[in-house]
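Visitor: Quick one, structure-v1.cif (mmCIF, C-alpha atoms):
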```
data_start
#
loop_
_atom_site.group_PDB
_atom_site.id
_atom_site.type_symbol
_atom_site.label_atom_id
_atom_site.label_comp_id
_atom_site.auth_asym_id
_atom_site.auth_seq_id
_atom_site.Cartn_x
_atom_site.Cartn_y
_atom_site.Cartn_z
ATOM 1 C CA MET A 183 10.268 2.252 4.079
ATOM 2 C CA THR A 184 10.577 5.942 4.656
ATOM 3 C CA SER A 185 8.692 8.184 7.028
ATOM 4 C CA GLU A 186 7.482 10.315 4.135
ATOM 5 C CA ASN A 187 6.162 7.357 2.155
ATOM 6 C CA PRO A 188 5.776 4.485 4.636
ATOM 7 C CA LEU A 189 4.383 2.012 2.147
ATOM 8 C CA ASN A 190 6.849 2.883 -0.616
ATOM 9 C CA ASP A 191 3.899 3.371 -2.948
ATOM 10 C CA ARG A 192 4.387 0.941 -5.764
ATOM 11 C CA LEU A 193 4.267 2.437 -9.199
ATOM 12 C CA ASP A 194 4.220 -0.731 -11.289
ATOM 13 C CA ASP A 195 2.393 -0.922 -14.602
ATOM 14 C CA ASP A 196 -0.431 -2.561 -12.622
ATOM 15 C CA ASP A 197 -0.850 0.607 -10.580
ATOM 16 C CA TYR A 198 -1.612 2.920 -13.475
ATOM 17 C CA PRO A 199 -3.568 4.917 -14.270
ATOM 18 C CA ALA A 200 -3.440 7.223 -11.296
ATOM 19 C CA TYR A 201 -6.750 8.756 -10.319
ATOM 20 C CA THR A 202 -7.536 12.312 -9.284
ATOM 21 C CA MET A 203 -8.467 12.909 -5.679
ATOM 22 C CA GLY A 204 -12.143 13.315 -6.544
ATOM 23 C CA ARG A 205 -12.265 10.133 -8.628
ATOM 24 C CA ALA A 206 -10.263 8.195 -6.026
ATOM 25 C CA ALA A 207 -12.637 9.302 -3.252
ATOM 26 C CA GLU A 208 -15.622 8.354 -5.402
ATOM 27 C CA MET A 209 -14.156 4.896 -6.071
ATOM 28 C CA LEU A 210 -13.647 4.399 -2.315
ATOM 29 C CA GLY A 211 -17.081 5.688 -1.453
ATOM 30 C CA ALA A 212 -15.325 8.268 0.697
ATOM 31 C CA THR A 213 -14.748 11.993 0.633
ATOM 32 C CA PRO A 214 -11.630 13.884 -0.394
ATOM 33 C CA ALA A 215 -11.355 14.814 3.303
ATOM 34 C CA PHE A 216 -10.854 11.118 4.121
ATOM 35 C CA LEU A 217 -8.011 10.886 1.592
ATOM 36 C CA ARG A 218 -6.438 14.016 3.052
ATOM 37 C CA ALA A 219 -6.768 12.574 6.584
ATOM 38 C CA ILE A 220 -5.035 9.303 5.704
ATOM 39 C CA GLY A 221 -2.373 11.345 3.917
ATOM 40 C CA GLU A 222 -1.848 13.397 7.067
ATOM 41 C CA ALA A 223 -1.594 10.130 9.020
ATOM 42 C CA ARG A 224 1.183 9.193 6.558
ATOM 43 C CA LEU A 225 -0.560 6.126 5.191
ATOM 44 C CA ILE A 226 -0.246 7.190 1.580
ATOM 45 C CA THR A 227 1.472 10.077 -0.124
ATOM 46 C CA PRO A 228 -0.345 11.197 -3.257
ATOM 47 C CA LEU A 229 1.566 11.166 -6.486
ATOM 48 C CA ARG A 230 1.815 14.503 -8.247
ATOM 49 C CA SER A 231 1.008 15.071 -11.889
ATOM 50 C CA GLU A 232 2.999 17.533 -13.978
ATOM 51 C CA GLY A 233 0.486 20.209 -13.040
ATOM 52 C CA GLY A 234 0.938 19.444 -9.340
ATOM 53 C CA HIS A 235 -2.456 17.741 -8.954
ATOM 54 C CA ARG A 236 -2.769 14.882 -6.486
ATOM 55 C CA ARG A 237 -3.091 11.443 -8.056
ATOM 56 C CA TYR A 238 -3.651 8.037 -6.441
ATOM 57 C CA SER A 239 -2.535 4.679 -7.825
ATOM 58 C CA ARG A 240 -4.599 1.491 -7.661
ATOM 59 C CA TYR A 241 -2.240 0.209 -4.962
ATOM 60 C CA GLN A 242 -2.868 3.324 -2.893
ATOM 61 C CA LEU A 243 -6.610 2.878 -3.329
ATOM 62 C CA ARG A 244 -6.385 -0.723 -2.102
ATOM 63 C CA ILE A 245 -4.501 0.489 0.985
ATOM 64 C CA ALA A 246 -6.991 3.319 1.539
ATOM 65 C CA ALA A 247 -9.903 0.871 1.181
ATOM 66 C CA ARG A 248 -8.449 -1.311 3.958
ATOM 67 C CA ALA A 249 -8.077 1.747 6.196
ATOM 68 C CA ARG A 250 -11.655 2.748 5.372
ATOM 69 C CA GLU A 251 -12.911 -0.715 6.442
ATOM 70 C CA LEU A 252 -11.257 -0.230 9.825
ATOM 71 C CA VAL A 253 -12.522 3.339 10.207
ATOM 72 C CA ASP A 254 -16.055 2.208 9.333
ATOM 73 C CA LYS A 255 -15.805 -0.309 12.195
ATOM 74 C CA GLY A 256 -14.953 2.486 14.632
ATOM 75 C CA THR A 257 -11.141 2.501 14.542
ATOM 76 C CA PRO A 258 -9.699 6.046 14.677
ATOM 77 C CA ILE A 259 -7.958 7.093 11.451
ATOM 78 C CA GLU A 260 -4.471 7.278 13.023
ATOM 79 C CA ALA A 261 -4.811 3.764 14.481
ATOM 80 C CA ALA A 262 -6.299 2.385 11.249
ATOM 81 C CA CYS A 263 -3.350 3.761 9.295
ATOM 82 C CA ARG A 264 -0.833 2.218 11.702
ATOM 83 C CA ILE A 265 -2.645 -1.139 11.460
ATOM 84 C CA VAL A 266 -2.591 -1.071 7.658
ATOM 85 C CA ILE A 267 1.118 -0.183 7.615
ATOM 86 C CA LEU A 268 1.887 -3.077 9.987
ATOM 87 C CA GLU A 269 -0.221 -5.462 7.891
ATOM 88 C CA ASP A 270 1.711 -4.386 4.797
ATOM 89 C CA GLN A 271 5.033 -4.941 6.583
ATOM 90 C CA LEU A 272 3.905 -8.383 7.759
ATOM 91 C CA GLU A 273 2.829 -9.348 4.237
ATOM 92 C CA GLU A 274 6.221 -8.256 2.872
ATOM 93 C CA ALA A 275 8.083 -10.159 5.614
ATOM 94 C CA GLN A 276 6.076 -13.301 4.865
ATOM 95 C CA ARG A 277 6.849 -12.978 1.153
ATOM 96 C CA ILE A 278 10.574 -12.598 1.849
ATOM 97 C CA ASN A 279 10.505 -15.568 4.244
ATOM 98 C CA ALA A 280 8.746 -17.752 1.646
ATOM 99 C CA GLU A 281 11.316 -16.784 -1.007
ATOM 100 C CA TYR A 282 14.174 -17.580 1.401
ATOM 101 C CA ARG A 283 12.698 -20.962 2.337
ATOM 102 C CA ARG A 284 12.162 -21.799 -1.339
ATOM 103 C CA ALA A 285 15.768 -20.850 -2.167
ATOM 104 C CA VAL A 286 17.104 -22.912 0.756
ATOM 105 C CA GLY A 287 14.978 -25.891 -0.319
ATOM 106 C CA GLU A 288 16.201 -25.676 -3.906
ATOM 107 C CA SER A 289 19.801 -25.372 -2.726
ATOM 108 C CA ALA A 290 19.439 -28.417 -0.447
ATOM 109 C CA GLY A 291 17.857 -30.376 -3.292
ATOM 110 C CA ARG A 292 20.796 -29.653 -5.596
ATOM 111 C CA ALA A 293 23.333 -30.544 -2.897
ATOM 112 C CA GLY A 294 21.555 -33.828 -2.126
ATOM 113 C CA SER A 295 21.348 -34.918 -5.786
ATOM 114 C CA GLY A 296 25.111 -34.576 -6.273
ATOM 115 C CA SER A 297 26.071 -37.349 -3.841
ATOM 116 C CA ALA A 298 25.797 -41.022 -4.816
#
```
Output the structure of this file as structure tokens.
Guide:
Amino acid sequence: MTSENPLNDRLDDDDYPAYTMGRAAEMLGATPAFLRAIGEARLITPLRSEGGHRRYSRYQLRIAARARELVDKGTPIEAACRIVILEDQLEEAQRINAEYRRAVGESAGRAGSGSA
């Protein structure tokens, strides 16, 4: 993670196409001002097209939608963005832990099958 792009916006094939700010706001049921505010809170950093226009990936829209849910429930934007970042970090840590446990289990299974 970096301070400029805290969620390391994922640009997988699944995340394309990237949407313009207006279209992204429309899809979220929000305003462009909301997207700018969560950008200022460093939740997401818009991608830039060749012409310099802001673009948002599907992943970024999912993150923004979660922040919007929190804001709609009365959470200030800054706090909502911090919560979403922490949730994303927790999800990543859980994924890494599950992969580690799976690898350890497979390794133990191979070691146990070799003795007889």
Visitor: Taking the file as I've supplied it (selection: the PyMOL selection byres ((chain A and resi 259) around 9)), which residues are included? Please answer as a ChimeraX atom specification.
Guide: /A:216,219-220,223,249-250,252-253,256-258,260-264
Visitor: Pick out the closest residue to Gly221 (chain A) from this set: A:Gly233, A:Ala246, A:Ala200, A:Met209. Count all atoms listed in the file.
Guide: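 Residue with the minimum atom-to-atom distance to Gly221 (chain A): A:Ala246.
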Visitor: Distance CA of Lys255 (chain A)-CA of Glu208 (chain A), one decimal place?
Guide: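 Result for CA of Lys255 (chain A) versus CA of Glu208 (chain A): 19.6 Å, one decimal.
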Visitor: Can you work out the spacing between CA of Glu222 (chain A) and CA of Leu272 (chain A) in Å, to one decimal?
Guide: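 A separation of 22.5 Å between them.
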Visitor: My list of candidates is A:Ala275, A:Leu243, A:Ala280, A:Ala285. Which is closest to Ala207 (chain A) when distances are computed with only C-alpha atoms?
Guide: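 Distance minimum relative to Ala207 (chain A) lands on A:Leu243.
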Visitor: I'd like the interatomic distance between CA of Arg244 (chain A) and CA of Tyr282 (chain A), to a tenth of an Å.
Guide: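 Distance reported for this atom pair: 26.8 Å.
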Visitor: Could you spell out the hits of the PyMOL selection byres ((chain A and resi 236) around 12) on the shown file, as a list in words?
Guide: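 What the PyMOL selection byres ((chain A and resi 236) around 12) grabs from the file is Ala200, Tyr201, Thr202, Met203, Gly204, Arg205, Ala206, Ala207, Pro214, Leu217, Arg218, Gly221, Ile226, Thr227, Pro228, Leu229, Arg230, Ser231, Glu232, Gly233, Gly234, His235, Arg237, Tyr238 and Ser239 of chain A.
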Visitor: As JSON, please: the centre and edge lengths in Å, to one decimal, of an axis-aligned box enclosing every listed atom of region 218-229 of chain A with 8 Å added on each side.
Guide:
```
{"center_x": -2.6, "center_y": 10.1, "center_z": 1.3, "size_x": 24.3, "size_y": 23.9, "size_z": 31.5}
```
Visitor: Quick one: of A:Glu273, A:Arg284, A:Asp254, A:Ile267, who's nearest to Gln242 (chain A), counting only C-alpha atoms?
Guide: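 Of A:Glu273, A:Arg284, A:Asp254, A:Ile267, the one nearest Gln242 (chain A) is A:Ile267, counting only C-alpha atoms.
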Visitor: Could you write region 260-291 of chain A of the block just shown to a file containing N, CA, C and O atoms, as a PDB file, in the first residue's frame?
Guide:
```pdb
ATOM      1  N   GLU A 260     -14.299  11.181   5.841  1.00  0.00           N
ATOM      2  CA  GLU A 260     -12.933  10.785   6.239  1.00  0.00           C
ATOM      3  C   GLU A 260     -12.949   9.466   7.003  1.00  0.00           C
ATOM      4  O   GLU A 260     -12.159   8.577   6.753  1.00  0.00           O
ATOM      5  N   ALA A 261     -13.871   9.346   7.975  1.00  0.00           N
ATOM      6  CA  ALA A 261     -13.958   8.122   8.779  1.00  0.00           C
ATOM      7  C   ALA A 261     -14.405   6.947   7.918  1.00  0.00           C
ATOM      8  O   ALA A 261     -13.869   5.838   8.036  1.00  0.00           O
ATOM      9  N   ALA A 262     -15.361   7.169   7.025  1.00  0.00           N
ATOM     10  CA  ALA A 262     -15.840   6.098   6.148  1.00  0.00           C
ATOM     11  C   ALA A 262     -14.694   5.582   5.283  1.00  0.00           C
ATOM     12  O   ALA A 262     -14.551   4.369   5.098  1.00  0.00           O
ATOM     13  N   CYS A 263     -13.877   6.478   4.784  1.00  0.00           N
ATOM     14  CA  CYS A 263     -12.748   6.070   3.945  1.00  0.00           C
ATOM     15  C   CYS A 263     -11.738   5.261   4.747  1.00  0.00           C
ATOM     16  O   CYS A 263     -11.230   4.250   4.272  1.00  0.00           O
ATOM     17  N   ARG A 264     -11.457   5.679   5.971  1.00  0.00           N
ATOM     18  CA  ARG A 264     -10.524   4.916   6.814  1.00  0.00           C
ATOM     19  C   ARG A 264     -11.087   3.527   7.101  1.00  0.00           C
ATOM     20  O   ARG A 264     -10.349   2.536   7.087  1.00  0.00           O
ATOM     21  N   ILE A 265     -12.390   3.442   7.380  1.00  0.00           N
ATOM     22  CA  ILE A 265     -13.023   2.147   7.650  1.00  0.00           C
ATOM     23  C   ILE A 265     -12.891   1.229   6.447  1.00  0.00           C
ATOM     24  O   ILE A 265     -12.527   0.063   6.571  1.00  0.00           O
ATOM     25  N   VAL A 266     -13.174   1.743   5.267  1.00  0.00           N
ATOM     26  CA  VAL A 266     -13.113   0.926   4.050  1.00  0.00           C
ATOM     27  C   VAL A 266     -11.681   0.455   3.793  1.00  0.00           C
ATOM     28  O   VAL A 266     -11.457  -0.703   3.419  1.00  0.00           O
ATOM     29  N   ILE A 267     -10.706   1.312   4.015  1.00  0.00           N
ATOM     30  CA  ILE A 267      -9.305   0.925   3.836  1.00  0.00           C
ATOM     31  C   ILE A 267      -8.947  -0.198   4.814  1.00  0.00           C
ATOM     32  O   ILE A 267      -8.329  -1.192   4.439  1.00  0.00           O
ATOM     33  N   LEU A 268      -9.365  -0.058   6.073  1.00  0.00           N
ATOM     34  CA  LEU A 268      -9.077  -1.103   7.066  1.00  0.00           C
ATOM     35  C   LEU A 268      -9.785  -2.412   6.723  1.00  0.00           C
ATOM     36  O   LEU A 268      -9.214  -3.491   6.883  1.00  0.00           O
ATOM     37  N   GLU A 269     -11.023  -2.326   6.242  1.00  0.00           N
ATOM     38  CA  GLU A 269     -11.733  -3.536   5.822  1.00  0.00           C
ATOM     39  C   GLU A 269     -10.988  -4.232   4.682  1.00  0.00           C
ATOM     40  O   GLU A 269     -10.860  -5.455   4.660  1.00  0.00           O
ATOM     41  N   ASP A 270     -10.479  -3.442   3.743  1.00  0.00           N
ATOM     42  CA  ASP A 270      -9.745  -4.001   2.612  1.00  0.00           C
ATOM     43  C   ASP A 270      -8.458  -4.675   3.096  1.00  0.00           C
ATOM     44  O   ASP A 270      -8.107  -5.757   2.640  1.00  0.00           O
ATOM     45  N   GLN A 271      -7.768  -4.036   4.046  1.00  0.00           N
ATOM     46  CA  GLN A 271      -6.548  -4.631   4.592  1.00  0.00           C
ATOM     47  C   GLN A 271      -6.852  -5.924   5.330  1.00  0.00           C
ATOM     48  O   GLN A 271      -6.112  -6.898   5.208  1.00  0.00           O
ATOM     49  N   LEU A 272      -7.947  -5.948   6.090  1.00  0.00           N
ATOM     50  CA  LEU A 272      -8.339  -7.152   6.815  1.00  0.00           C
ATOM     51  C   LEU A 272      -8.656  -8.287   5.838  1.00  0.00           C
ATOM     52  O   LEU A 272      -8.218  -9.421   6.032  1.00  0.00           O
ATOM     53  N   GLU A 273      -9.401  -7.970   4.793  1.00  0.00           N
ATOM     54  CA  GLU A 273      -9.743  -8.981   3.786  1.00  0.00           C
ATOM     55  C   GLU A 273      -8.471  -9.565   3.153  1.00  0.00           C
ATOM     56  O   GLU A 273      -8.352 -10.773   2.982  1.00  0.00           O
ATOM     57  N   GLU A 274      -7.515  -8.707   2.847  1.00  0.00           N
ATOM     58  CA  GLU A 274      -6.254  -9.169   2.250  1.00  0.00           C
ATOM     59  C   GLU A 274      -5.477 -10.031   3.239  1.00  0.00           C
ATOM     60  O   GLU A 274      -4.926 -11.070   2.882  1.00  0.00           O
ATOM     61  N   ALA A 275      -5.438  -9.621   4.509  1.00  0.00           N
ATOM     62  CA  ALA A 275      -4.732 -10.400   5.531  1.00  0.00           C
ATOM     63  C   ALA A 275      -5.380 -11.770   5.703  1.00  0.00           C
ATOM     64  O   ALA A 275      -4.684 -12.785   5.837  1.00  0.00           O
ATOM     65  N   GLN A 276      -6.698 -11.822   5.678  1.00  0.00           N
ATOM     66  CA  GLN A 276      -7.396 -13.100   5.813  1.00  0.00           C
ATOM     67  C   GLN A 276      -7.107 -14.009   4.617  1.00  0.00           C
ATOM     68  O   GLN A 276      -6.940 -15.214   4.770  1.00  0.00           O
ATOM     69  N   ARG A 277      -7.032 -13.423   3.433  1.00  0.00           N
ATOM     70  CA  ARG A 277      -6.726 -14.211   2.235  1.00  0.00           C
ATOM     71  C   ARG A 277      -5.318 -14.793   2.331  1.00  0.00           C
ATOM     72  O   ARG A 277      -5.093 -15.983   2.087  1.00  0.00           O
ATOM     73  N   ILE A 278      -4.366 -13.975   2.747  1.00  0.00           N
ATOM     74  CA  ILE A 278      -2.981 -14.434   2.888  1.00  0.00           C
ATOM     75  C   ILE A 278      -2.898 -15.526   3.951  1.00  0.00           C
ATOM     76  O   ILE A 278      -2.227 -16.548   3.758  1.00  0.00           O
ATOM     77  N   ASN A 279      -3.585 -15.353   5.066  1.00  0.00           N
ATOM     78  CA  ASN A 279      -3.586 -16.343   6.137  1.00  0.00           C
ATOM     79  C   ASN A 279      -4.161 -17.669   5.636  1.00  0.00           C
ATOM     80  O   ASN A 279      -3.619 -18.737   5.927  1.00  0.00           O
ATOM     81  N   ALA A 280      -5.258 -17.610   4.889  1.00  0.00           N
ATOM     82  CA  ALA A 280      -5.879 -18.835   4.364  1.00  0.00           C
ATOM     83  C   ALA A 280      -4.923 -19.547   3.404  1.00  0.00           C
ATOM     84  O   ALA A 280      -4.790 -20.783   3.448  1.00  0.00           O
ATOM     85  N   GLU A 281      -4.235 -18.784   2.559  1.00  0.00           N
ATOM     86  CA  GLU A 281      -3.274 -19.390   1.628  1.00  0.00           C
ATOM     87  C   GLU A 281      -2.128 -20.047   2.400  1.00  0.00           C
ATOM     88  O   GLU A 281      -1.687 -21.139   2.054  1.00  0.00           O
ATOM     89  N   TYR A 282      -1.641 -19.385   3.447  1.00  0.00           N
ATOM     90  CA  TYR A 282      -0.556 -19.932   4.258  1.00  0.00           C
ATOM     91  C   TYR A 282      -0.997 -21.227   4.927  1.00  0.00           C
ATOM     92  O   TYR A 282      -0.292 -22.235   4.900  1.00  0.00           O
ATOM     93  N   ARG A 283      -2.173 -21.206   5.542  1.00  0.00           N
ATOM     94  CA  ARG A 283      -2.684 -22.403   6.224  1.00  0.00           C
ATOM     95  C   ARG A 283      -2.864 -23.554   5.238  1.00  0.00           C
ATOM     96  O   ARG A 283      -2.564 -24.696   5.552  1.00  0.00           O
ATOM     97  N   ARG A 284      -3.352 -23.259   4.050  1.00  0.00           N
ATOM     98  CA  ARG A 284      -3.539 -24.284   3.026  1.00  0.00           C
ATOM     99  C   ARG A 284      -2.186 -24.872   2.626  1.00  0.00           C
ATOM    100  O   ARG A 284      -2.020 -26.080   2.525  1.00  0.00           O
ATOM    101  N   ALA A 285      -1.191 -24.003   2.436  1.00  0.00           N
ATOM    102  CA  ALA A 285       0.150 -24.470   2.049  1.00  0.00           C
ATOM    103  C   ALA A 285       0.764 -25.325   3.159  1.00  0.00           C
ATOM    104  O   ALA A 285       1.379 -26.362   2.885  1.00  0.00           O
ATOM    105  N   VAL A 286       0.603 -24.910   4.407  1.00  0.00           N
ATOM    106  CA  VAL A 286       1.132 -25.671   5.537  1.00  0.00           C
ATOM    107  C   VAL A 286       0.439 -27.028   5.612  1.00  0.00           C
ATOM    108  O   VAL A 286       1.076 -28.066   5.822  1.00  0.00           O
ATOM    109  N   GLY A 287      -0.869 -27.054   5.418  1.00  0.00           N
ATOM    110  CA  GLY A 287      -1.626 -28.304   5.452  1.00  0.00           C
ATOM    111  C   GLY A 287      -1.197 -29.262   4.359  1.00  0.00           C
ATOM    112  O   GLY A 287      -1.031 -30.464   4.586  1.00  0.00           O
ATOM    113  N   GLU A 288      -0.985 -28.731   3.155  1.00  0.00           N
ATOM    114  CA  GLU A 288      -0.536 -29.571   2.044  1.00  0.00           C
ATOM    115  C   GLU A 288       0.862 -30.113   2.311  1.00  0.00           C
ATOM    116  O   GLU A 288       1.157 -31.264   2.047  1.00  0.00           O
ATOM    117  N   SER A 289       1.728 -29.266   2.864  1.00  0.00           N
ATOM    118  CA  SER A 289       3.091 -29.675   3.175  1.00  0.00           C
ATOM    119  C   SER A 289       3.097 -30.766   4.237  1.00  0.00           C
ATOM    120  O   SER A 289       3.824 -31.753   4.133  1.00  0.00           O
ATOM    121  N   ALA A 290       2.256 -30.627   5.265  1.00  0.00           N
ATOM    122  CA  ALA A 290       2.179 -31.628   6.329  1.00  0.00           C
ATOM    123  C   ALA A 290       1.623 -32.938   5.781  1.00  0.00           C
ATOM    124  O   ALA A 290       2.055 -34.026   6.185  1.00  0.00           O
ATOM    125  N   GLY A 291       0.674 -32.844   4.856  1.00  0.00           N
ATOM    126  CA  GLY A 291       0.097 -34.035   4.254  1.00  0.00           C
ATOM    127  C   GLY A 291       1.132 -34.810   3.453  1.00  0.00           C
ATOM    128  O   GLY A 291       1.191 -36.049   3.503  1.00  0.00           O
TER     129      GLY A 291
END
```
